[in-house]
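One structure is given here, and the rest of the page talks about it.
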Amino acid sequence: MRRGWLGIAVILIIVVFALSGCANKWVTSGKIAMNGKNYDKAIADFKKALEENPQNGEAHYYLAICYKEKEDYGEMQTHLESAETLYPKKAEDVKELRQEAWTELFESGKNKAEEQSWEESRDDFLLAAEFLPDKYQSYSYLGYVWQQLNENDSAYFYYSRAYEIAPDEMIVLENYANFCFNIGKFDQAKELYLKLLEKDPNNANAMARLGDIYGEKKEFQNAVDYYNRALELEQDNGNLWFNLGVLYFQRMKDNENAINAFTRAVELNPEDLDAFINLAIAMIMAGRYDEAADKLSVYVEDNPDDCTGWDLYSQALLRKGMRKQALEANKKYEECSNK
């Protein structure tokens with residue numbers, strides 16, 4: 001009896017090996033083709049192995065490698081997911097493949113973004129996010145790319161996703177805050193900028209944006225305080241001086257402080273015509289007609305086609321009591337307007 005059982009066992013072992021060899025012949029053939037860099041044949045062989053056994057994790061694993069070589073990352077991801085479950089012995093190798101694919105796609109996406117190939121860049125980052133869903137960098141760049149494509153809802157989704165993954169990364173926090181500010185989500189932007197200042201107390205951009213936000217919320221003193229804090233760090237920032245001038249002039253009706261801010265803006269950016277025009281208007285509103293007229297006299301001589309300059313010059317002269325000169329300036333304004 002014992003000999004009989006041993007005989008049956010030997011027969012069973014032979015049958016198992018025979019069946020195993022039959023099931024794996026396509027994997028073996030595929031690996032040989034893959035080693036010879038004949039990836040199309042290798043893919044065909046591995047697919048035949050899967051036709052015989054869809055649960056063949058080894059075939060899925062090598063298909064993922066082949067598709068990576070052909071830069072078909074969509075197919076690679078599909079088979080890599082199956083290999084993760086069905087071929088645990090290669091778990092570490094699968095992780096490495098995911099990292100390699102993510103890096104290649106991420107770098108490709110960045111290069112395409114630099115070339116402003118936004119749709120192609122977006123597709124690379126989307127695939128990269130599939131390979132490593134916990135990498136905030138993919139989502140951060142996706143937010144930027146969707147922003148360039150004027151798809152604010154999608155941009156907001158991906159900026160927020162990056163923030164969920166890495167809320168303490170400064171670049172993630174600042175990008176998210178700036179985007180929220182740009183699309184008018186001021187309450188959310190405010191909270192993000194305040195958090196940014198907790199981490200980076202000398203972030204002048206956050207201070208400036210908080211100045212803008214508090215101005216929009218009509219909390220004018222808070223706005224002034226944040227603008228001035230930013231200016232302590234960036235005293236030569238003409239745009240900041242301009243924004244402070246607008247706040248004083250338009251929102252707070254404080255002409256003297258507006259004049260001081262606009263004067264500094266003009267000193268820093270002499271070519272900023274908006275700053276100069278606002279300075280002239282603030283001077284007229286403050287009753288400083290002589291100064292306004294003197295500045296506008298030089299301005300209209302240098303910018304004879306600027307109708308606004310002639311209009312303001314006429315008003316300054318009229319308030320000075322120089323009616324004849326005011327009429328002449330007004331005539332220039334009318335001529336300019338009718339061109």
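Quick note on naming: the chains in the structure tokens go A, B, ... in the order shown, residues restart at 1 in each chain, and ligands are numbered from 1 in order of appearance.
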Got a sec: who's within 9 Å of Ala326 in chain A, counting only C-alpha atoms, leaving out chain neighbours fewer than 5 positions off, as a PyMOL selection string?
chain A and resi 313-319+321+331
Go ahead and dump the residues you just picked, N, CA and C atoms, as a short mmCIF file (atom, residue, chain, number, x, y, z; two decimals), in the first residue's frame.
```
data_model
loop_
_atom_site.label_atom_id
_atom_site.label_comp_id
_atom_site.auth_asym_id
_atom_site.auth_seq_id
_atom_site.Cartn_x
_atom_site.Cartn_y
_atom_site.Cartn_z
N TYR A 313 -5.20 119.25 -14.91
CA TYR A 313 -4.46 120.51 -14.94
C TYR A 313 -5.43 121.69 -15.01
N SER A 314 -6.46 121.54 -15.84
CA SER A 314 -7.48 122.58 -15.95
C SER A 314 -8.17 122.81 -14.61
N GLN A 315 -8.51 121.72 -13.91
CA GLN A 315 -9.19 121.86 -12.63
C GLN A 315 -8.29 122.52 -11.58
N ALA A 316 -7.02 122.15 -11.56
CA ALA A 316 -6.09 122.75 -10.59
C ALA A 316 -5.94 124.23 -10.85
N LEU A 317 -5.80 124.62 -12.12
CA LEU A 317 -5.66 126.04 -12.47
C LEU A 317 -6.93 126.82 -12.11
N LEU A 318 -8.07 126.23 -12.37
CA LEU A 318 -9.33 126.90 -12.06
C LEU A 318 -9.45 127.15 -10.56
N ARG A 319 -9.08 126.19 -9.76
CA ARG A 319 -9.15 126.35 -8.31
C ARG A 319 -8.13 127.35 -7.80
N GLY A 321 -7.68 130.02 -9.32
CA GLY A 321 -8.18 131.32 -9.78
C GLY A 321 -7.59 131.74 -11.11
N LYS A 331 -9.34 123.43 -23.18
CA LYS A 331 -9.40 123.33 -24.64
C LYS A 331 -8.50 122.19 -25.11
#
```
Which residues come within 10 Å of range 299-306 of chain A, counting only C-alpha atoms, excluding same-chain residues fewer than 3 positions away, as a PyMOL selection string?
chain A and resi 273+276-277+293-296+309-313+329+332-333+335-337+339
Residues of the last selection are to be written out with N, CA and C atoms, as a JSON list (two decimals), in the first residue's frame.
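What ended up in selection02.json:
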```json
[["chain", "number", "residue", "atom", "x", "y", "z"],
["A", 273, "LEU", "N", 2.11, 105.96, -14.21],
["A", 273, "LEU", "CA", 1.21, 107.09, -14.45],
["A", 273, "LEU", "C", -0.02, 107.05, -13.54],
["A", 276, "PHE", "N", 0.91, 108.71, -10.36],
["A", 276, "PHE", "CA", 0.99, 110.17, -10.50],
["A", 276, "PHE", "C", -0.39, 110.80, -10.58],
["A", 277, "ILE", "N", -1.29, 110.23, -11.37],
["A", 277, "ILE", "CA", -2.64, 110.80, -11.52],
["A", 277, "ILE", "C", -3.36, 110.77, -10.17],
["A", 293, "ALA", "N", -0.88, 121.91, -9.59],
["A", 293, "ALA", "CA", -0.72, 122.60, -10.87],
["A", 293, "ALA", "C", 0.73, 122.51, -11.35],
["A", 294, "ASP", "N", 1.68, 122.68, -10.45],
["A", 294, "ASP", "CA", 3.09, 122.61, -10.83],
["A", 294, "ASP", "C", 3.45, 121.22, -11.37],
["A", 295, "LYS", "N", 2.99, 120.19, -10.67],
["A", 295, "LYS", "CA", 3.30, 118.83, -11.11],
["A", 295, "LYS", "C", 2.61, 118.51, -12.43],
["A", 296, "LEU", "N", 1.35, 118.96, -12.56],
["A", 296, "LEU", "CA", 0.59, 118.67, -13.77],
["A", 296, "LEU", "C", 1.10, 119.45, -14.97],
["A", 309, "GLY", "N", -4.62, 114.06, -17.87],
["A", 309, "GLY", "CA", -3.68, 115.06, -17.38],
["A", 309, "GLY", "C", -4.15, 116.47, -17.65],
["A", 310, "TRP", "N", -4.63, 116.73, -18.87],
["A", 310, "TRP", "CA", -5.14, 118.06, -19.22],
["A", 310, "TRP", "C", -6.39, 118.41, -18.41],
["A", 311, "ASP", "N", -7.24, 117.45, -18.18],
["A", 311, "ASP", "CA", -8.45, 117.69, -17.39],
["A", 311, "ASP", "C", -8.09, 118.09, -15.96],
["A", 312, "LEU", "N", -7.19, 117.36, -15.36],
["A", 312, "LEU", "CA", -6.79, 117.68, -13.99],
["A", 312, "LEU", "C", -6.03, 119.00, -13.91],
["A", 313, "TYR", "N", -5.20, 119.25, -14.91],
["A", 313, "TYR", "CA", -4.46, 120.51, -14.94],
["A", 313, "TYR", "C", -5.43, 121.69, -15.01],
["A", 329, "ALA", "N", -6.21, 125.05, -20.86],
["A", 329, "ALA", "CA", -5.96, 123.64, -20.55],
["A", 329, "ALA", "C", -7.19, 122.80, -20.88],
["A", 332, "LYS", "N", -7.32, 122.09, -24.50],
["A", 332, "LYS", "CA", -6.40, 120.99, -24.83],
["A", 332, "LYS", "C", -7.06, 119.64, -24.49],
["A", 333, "TYR", "N", -7.77, 119.61, -23.37],
["A", 333, "TYR", "CA", -8.46, 118.38, -22.96],
["A", 333, "TYR", "C", -9.50, 117.98, -24.00],
["A", 335, "GLU", "N", -9.63, 118.86, -27.20],
["A", 335, "GLU", "CA", -8.95, 118.46, -28.42],
["A", 335, "GLU", "C", -8.44, 117.02, -28.29],
["A", 336, "CYS", "N", -7.89, 116.75, -27.14],
["A", 336, "CYS", "CA", -7.35, 115.40, -26.89],
["A", 336, "CYS", "C", -8.48, 114.37, -26.92],
["A", 337, "SER", "N", -9.60, 114.71, -26.31],
["A", 337, "SER", "CA", -10.72, 113.75, -26.21],
["A", 337, "SER", "C", -11.35, 113.47, -27.56],
["A", 339, "LYS", "N", -9.82, 113.30, -30.44],
["A", 339, "LYS", "CA", -8.91, 112.67, -31.42],
["A", 339, "LYS", "C", -9.38, 111.27, -31.77]]
```
For Leu240 in chain A, which of A:Arg209, A:Gln116, A:Glu169, A:Pro270 is the closest residue, counting only C-alpha atoms?
A:Arg209
Could you give me, as an NGL selection string, the residues within 9 Å of Asn243 in chain A, counting only C-alpha atoms and dropping anything in the same chain fewer than 4 positions from it?
:A and (208 or 211-212 or 227 or 238-239 or 247-248 or 261-262)
Take the residues just selected and output them with C-alpha atoms as a PDB file, in the first residue's frame.
```pdb
ATOM      1  CA  ALA A 208       0.339  92.936   1.922  1.00  0.00           C
ATOM      2  CA  GLY A 211      -3.893  94.558   3.935  1.00  0.00           C
ATOM      3  CA  ASP A 212      -5.884  94.053   0.740  1.00  0.00           C
ATOM      4  CA  TYR A 227       0.448  97.477   4.788  1.00  0.00           C
ATOM      5  CA  GLY A 238       6.206 101.021  -5.031  1.00  0.00           C
ATOM      6  CA  ASN A 239       3.136  98.829  -5.458  1.00  0.00           C
ATOM      7  CA  LEU A 247      -6.754 102.793   0.777  1.00  0.00           C
ATOM      8  CA  TYR A 248      -6.235 106.195   2.383  1.00  0.00           C
ATOM      9  CA  ALA A 261       1.864 107.314   0.005  1.00  0.00           C
ATOM     10  CA  PHE A 262       1.360 108.279  -3.640  1.00  0.00           C
TER      11      PHE A 262
END
```
Would you mind listing what lies within 10 Å of Tyr136 in chain A as a list in words, with only C-alpha atoms counted and same-chain residues fewer than 4 positions away left out?
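Contacts, with the query itself left out: Ala129, Leu132, Ser140, Tyr141, Leu142, Tyr158, Tyr159, Arg161, Ala162, Tyr163, Glu164, Ile165, Ala166, Pro167, Glu169 and Val172 of chain A.
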How would the residues just chosen look if you wrote them out with C-alpha atoms as a compact mmCIF listing (two decimals), in the first residue's frame?
```txt
# COMPACT_ATOMS: atom_id res chain seq x y z
CA ALA A 129 -0.91 61.48 -8.88
CA LEU A 132 1.76 58.16 -5.79
CA SER A 140 0.22 71.60 -6.27
CA TYR A 141 1.32 71.67 -9.90
CA LEU A 142 -2.11 70.52 -11.04
CA TYR A 158 -6.08 70.47 -6.46
CA TYR A 159 -4.59 73.34 -4.45
CA ARG A 161 -5.80 68.64 -2.00
CA ALA A 162 -2.12 69.58 -1.82
CA TYR A 163 -2.88 71.52 1.36
CA GLU A 164 -4.70 68.54 2.89
CA ILE A 165 -1.65 66.36 2.31
CA ALA A 166 1.03 68.87 3.34
CA PRO A 167 -0.51 71.74 5.36
CA GLU A 169 4.73 73.03 3.55
CA VAL A 172 1.77 74.74 -0.55
```
Option closest in space to Gly215 in chain A, from A:Gln188, A:Gly245, A:Asp236, A:Glu271 [counting only C-alpha atoms]
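Of all the options, A:Gly245 lies closest to Gly215 in chain A.
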Residues of range 165-294 of chain A classed as helix (DSSP H, G or I) by DSSP on the backbone are to be reported as an NGL selection string.
:A and (165 or 170-182 or 186-199 or 204-216 or 220-233 or 238-251 or 255-268 or 273-285 or 289-294)
Do you know which residues are at most 10 Å from Ala230 in chain A counting only C-alpha atoms, after dropping those on the same chain fewer than 6 positions away, and could you put them as a ChimeraX atom specification?
/A:202-211,224,237,240-241
Give me the residues near range 98-107 of chain A as an NGL selection string, where near means some atom within 12 Å (using only C-alpha atoms) and where sequence neighbours in that chain fewer than 6 positions away do not count.
:A and (61 or 64-65 or 67-81 or 83-84 or 91-92 or 113-114 or 120-142)
I'd like the interatomic distance between CA of Val266 in chain A and CA of Glu291 in chain A, to a tenth of an Å.
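For CA of Val266 in chain A relative to CA of Glu291 in chain A, the distance reads 14.5 Å.
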What's the 10 Å shell around range 32-37 of chain A, counting only C-alpha atoms, without same-chain residues fewer than 5 positions away, as a ChimeraX atom specification?
/A:26-27,42-45,62-63,65-66,69
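Of the listed residues A:Leu233, A:Leu244, A:Ile213, A:Ile171, the one whose atoms come nearest to Phe186 in chain A is A:Ile213, with distances taken using only C-alpha atoms.
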Go through A:Met252, A:Asn178, A:Asn38, A:Thr85 one by one, measure the shortest atom-to-atom distance of each to Gln55 in chain A using only C-alpha atoms, and give the residue with the smallest value.
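Of A:Met252, A:Asn178, A:Asn38, A:Thr85, the one nearest Gln55 in chain A, counting only C-alpha atoms, is A:Thr85.
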